[in-house]
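To start, the structure itself, in structure tokens.
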Amino acid sequence: MNLVPMADILQDAHERTYAVGGFNINNMEFLQGIIRGAEELNSPLILQASEGAIRYIGMDYVIKMVEAAAKDTAIPIALHLDHGSSFESIMNCIRAGFSSVMIDASKKPFEENIALTKKVVETAHSVGVSVEAELGTLSGTEDDHTVEEKDAMYTDPDQALEFVEKTGIDALAVAIGTAHGVYKGKPELDFPRLKKIKELIEMPVVLHGASGISAEDLERAVDYGVNKVNVNTDFQQAFTSKVKELFAEKPELYDPRKYCGPGRDAITAKVKEKIKILGSNDKAW
Ligand code: 13P
């Protein structure tokens with residue numbers, strides 16, 4: 001498949017201070033809507049699928065659909081596993097053709113997180129696949145997993161340095177106040193913490209849970225060194241709002257193309273909005 005390792009995409013973003021969307025796919029309309037938005041703005045793209053999305057779509061369909069979508073585009077695209085939960089799940093994705101994986105052992109004790117992440121890095125790098133890992137814990141809901149606010153834990157900058165040195169990862173996901181899913185109150189990001197982490201680790205930083213974060217805060221996060229911004233909920237809401245709007249206007253609709261098509265267009269519009277905020281437009285090579 002004509003995919004690039006995520007490390008190549010993120011290294012350029014790190015050197016030139018911009019961020020690339022880690023945009024989640026949930027079905028064919030998401031895939032097509034996201035790729036179209038990135039193409040129209042000439043932006044590199046990290047397409048990501050969670051384990052839940054892979055179960056829903058089916059691994060063969062994920063691979064074949066991405067292959068079909070990426071075949072005729074000129075932009076660099078990485079296919080990334082979002083929140084890989086085990087070594088086995090990661091190996092499945094690498095074998096299937098993913099060019100990047102995330103191992104999320106962030107809920108394990110620090111030393112165990114290091115050990116599992118290091119094992120994934122050694123294996124993935126030996127076949128040219130990039131690795132993202134996470135330190136700290138975000139609250140909120142992703143797929144079927146919910147972390148309560150009281151259990152969220154911000155990333156410790158000194159631990160972050162030790163973590164990246166010991167594991168050899170390509171990108172570090174940090175917890176600085178964002179949450180997965182829909183925010184209950186106004187999110188407050190810990191920018192001094194982010195700045196300190198970036199100054200210490202000097203490598204690509206990933207922000208999860210970016211839906212619902214204001215354009216101003218996202219721009220500031222990019223200025224402070226975030227190079228990958230994960231968005232899922234905002235696209236799900238864009239798609240679903242459009243579909244609901246159409247059914248409110250025309251309850252007699254029954255042809256899925258008549259509402260999934262406009263839903264797909266709504267995703268493209270939202271993708272373009274995000275790309276402009278992140279500054280990855282016209283950064284494709
Ligand atoms: P949101 O659904 O909150 O945008 O989070 C997406 C994400 O972080 C995927 O890893």
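Residue numbering restarts at 1 in every chain; chains get A, B, ... in the order shown in the structure tokens, and ligands count up from 1 in that same order.
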Per-residue nearest contacts chain A to ligand 1, cut-off 10 Å, using only C-alpha atoms and all ligand atoms, as CSV:
```
residue,atom,partner,partner_atom_place_in_ligand_line,distance
A:Gly22,CA,ligand 1,9 (C),7.5
A:Phe23,CA,ligand 1,9 (C),7.6
A:Asn24,CA,ligand 1,9 (C),6.7
A:Gln48,CA,ligand 1,9 (C),8.2
A:Ala49,CA,ligand 1,9 (C),8.7
A:Ser50,CA,ligand 1,10 (O),7.6
A:Leu81,CA,ligand 1,10 (O),9.3
A:Asp82,CA,ligand 1,10 (O),5.6
A:His83,CA,ligand 1,10 (O),6.5
A:Met102,CA,ligand 1,10 (O),9.3
A:Leu138,CA,ligand 1,8 (O),9.0
A:Ser139,CA,ligand 1,3 (O),9.9
A:Gly140,CA,ligand 1,3 (O),7.9
A:Thr141,CA,ligand 1,3 (O),8.0
A:Glu142,CA,ligand 1,2 (O),6.8
A:Asp143,CA,ligand 1,2 (O),9.2
A:Ala173,CA,ligand 1,10 (O),9.3
A:Thr178,CA,ligand 1,3 (O),7.9
A:Ala179,CA,ligand 1,3 (O),6.0
A:His180,CA,ligand 1,3 (O),3.6
A:Gly181,CA,ligand 1,3 (O),3.9
A:Val182,CA,ligand 1,3 (O),6.5
A:Tyr183,CA,ligand 1,3 (O),8.2
A:Val206,CA,ligand 1,8 (O),9.1
A:Leu207,CA,ligand 1,8 (O),7.1
A:His208,CA,ligand 1,8 (O),3.5
A:Gly209,CA,ligand 1,5 (O),3.3
A:Ala210,CA,ligand 1,4 (O),4.7
A:Ser211,CA,ligand 1,4 (O),3.9
A:Gly212,CA,ligand 1,3 (O),7.3
A:Ile213,CA,ligand 1,4 (O),8.9
A:Val229,CA,ligand 1,8 (O),7.7
A:Asn230,CA,ligand 1,7 (C),4.5
A:Val231,CA,ligand 1,4 (O),3.5
A:Asn232,CA,ligand 1,2 (O),3.8
A:Thr233,CA,ligand 1,2 (O),3.7
A:Asp234,CA,ligand 1,4 (O),6.0
A:Phe235,CA,ligand 1,4 (O),8.0
A:Gln236,CA,ligand 1,2 (O),8.2
A:Gln237,CA,ligand 1,2 (O),9.7
```
Residues of segment 27-198 of chain A in helix (DSSP H, G or I), written as a PyMOL selection string: chain A and resi 28-40+51-57+59-71+87-96+110-126+149-151+157-167+191-198
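Restricting the calculation to only C-alpha atoms, the smallest distance between Arg16 of chain A and any of A:Gly263, A:Pro187, A:Gly177, A:Gly225 is found for A:Gly225.
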Å distance separating atom CA of Ala284 of chain A from atom CA of Ile9 of chain A, one decimal place: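 Distance between the two atoms: 8.9 Å.
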Between atom CA of Asp170 of chain A and atom CA of Ile277 of chain A - distance in Å to one decimal: 23.2 Å
Pick from A:Lys184, A:Glu273, A:Asn2, A:Gly168 nearest to Glu148 of chain A, counting only C-alpha atoms: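 That would be A:Lys184, the residue with the smallest distance to Glu148 of chain A.
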Close residues, Thr137 of chain A itself excluded, 9 Å, only C-alpha atoms, min 6 positions apart in chain, as a PyMOL selection string: chain A and resi 106-107+147+151-155+174-175
Go ahead and write the residues just picked, N, CA and C atoms, as a JSON list (two decimals), in the first residue's frame.
```json
[["chain", "number", "residue", "atom", "x", "y", "z"],
["A", 106, "SER", "N", -0.90, 3.28, 29.14],
["A", 106, "SER", "CA", -0.83, 4.40, 30.08],
["A", 106, "SER", "C", -1.50, 4.10, 31.43],
["A", 107, "LYS", "N", -2.36, 3.07, 31.44],
["A", 107, "LYS", "CA", -3.01, 2.76, 32.73],
["A", 107, "LYS", "C", -2.17, 1.79, 33.55],
["A", 147, "VAL", "N", -12.97, 6.70, 31.42],
["A", 147, "VAL", "CA", -12.11, 7.04, 32.56],
["A", 147, "VAL", "C", -12.76, 8.22, 33.26],
["A", 151, "ASP", "N", -9.95, 9.99, 38.00],
["A", 151, "ASP", "CA", -8.86, 9.06, 37.71],
["A", 151, "ASP", "C", -7.89, 9.57, 36.63],
["A", 152, "ALA", "N", -8.19, 10.76, 36.09],
["A", 152, "ALA", "CA", -7.29, 11.33, 35.07],
["A", 152, "ALA", "C", -5.98, 11.75, 35.75],
["A", 153, "MET", "N", -4.87, 11.64, 35.01],
["A", 153, "MET", "CA", -3.58, 11.99, 35.59],
["A", 153, "MET", "C", -2.73, 12.73, 34.56],
["A", 154, "TYR", "N", -2.31, 13.94, 34.88],
["A", 154, "TYR", "CA", -1.52, 14.73, 33.93],
["A", 154, "TYR", "C", -0.12, 14.12, 33.76],
["A", 155, "THR", "N", 0.48, 14.36, 32.60],
["A", 155, "THR", "CA", 1.82, 13.84, 32.31],
["A", 155, "THR", "C", 2.87, 14.61, 33.10],
["A", 174, "VAL", "N", 0.30, 13.12, 25.37],
["A", 174, "VAL", "CA", 0.37, 13.67, 26.74],
["A", 174, "VAL", "C", -1.02, 13.98, 27.28],
["A", 175, "ALA", "N", -1.12, 14.00, 28.59],
["A", 175, "ALA", "CA", -2.38, 14.38, 29.25],
["A", 175, "ALA", "C", -2.14, 15.75, 29.88]]
```
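With only C-alpha atoms as the atoms that count, the minimum distance from Glu132 of chain A to the choices A:Asp217, A:Asp265, A:Asp104, A:Asp8 is reached by A:Asp104.
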Polymer residues at most 12 Å from Ile63 of chain A, only C-alpha atoms, same-chain spacing of 5 or more positions, as a list in words: Met1, Asn2, Leu3, Ile25, Met28, Leu31, Leu47, Gln48, Ala49, Ile54, Ile57, Gly58, Ala68, Ala69, Ala70, Lys71, Ala78, Leu79, His80, Leu81, Asn92, Cys93, Ile94, Arg95, Ala96, Gly97, Phe98 and Ser99 of chain A
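Taking only C-alpha atoms, the non-local environment of Val120 of chain A within 8 Å (same-chain residues fewer than 5 positions away omitted) comprises Phe87, Ile90, Ile103 and Val131 of chain A.
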Among the residues A:Lys244, A:Lys198, A:Lys276, A:His125, the one that comes closest to Glu219 of chain A [using only C-alpha atoms]: A:Lys276
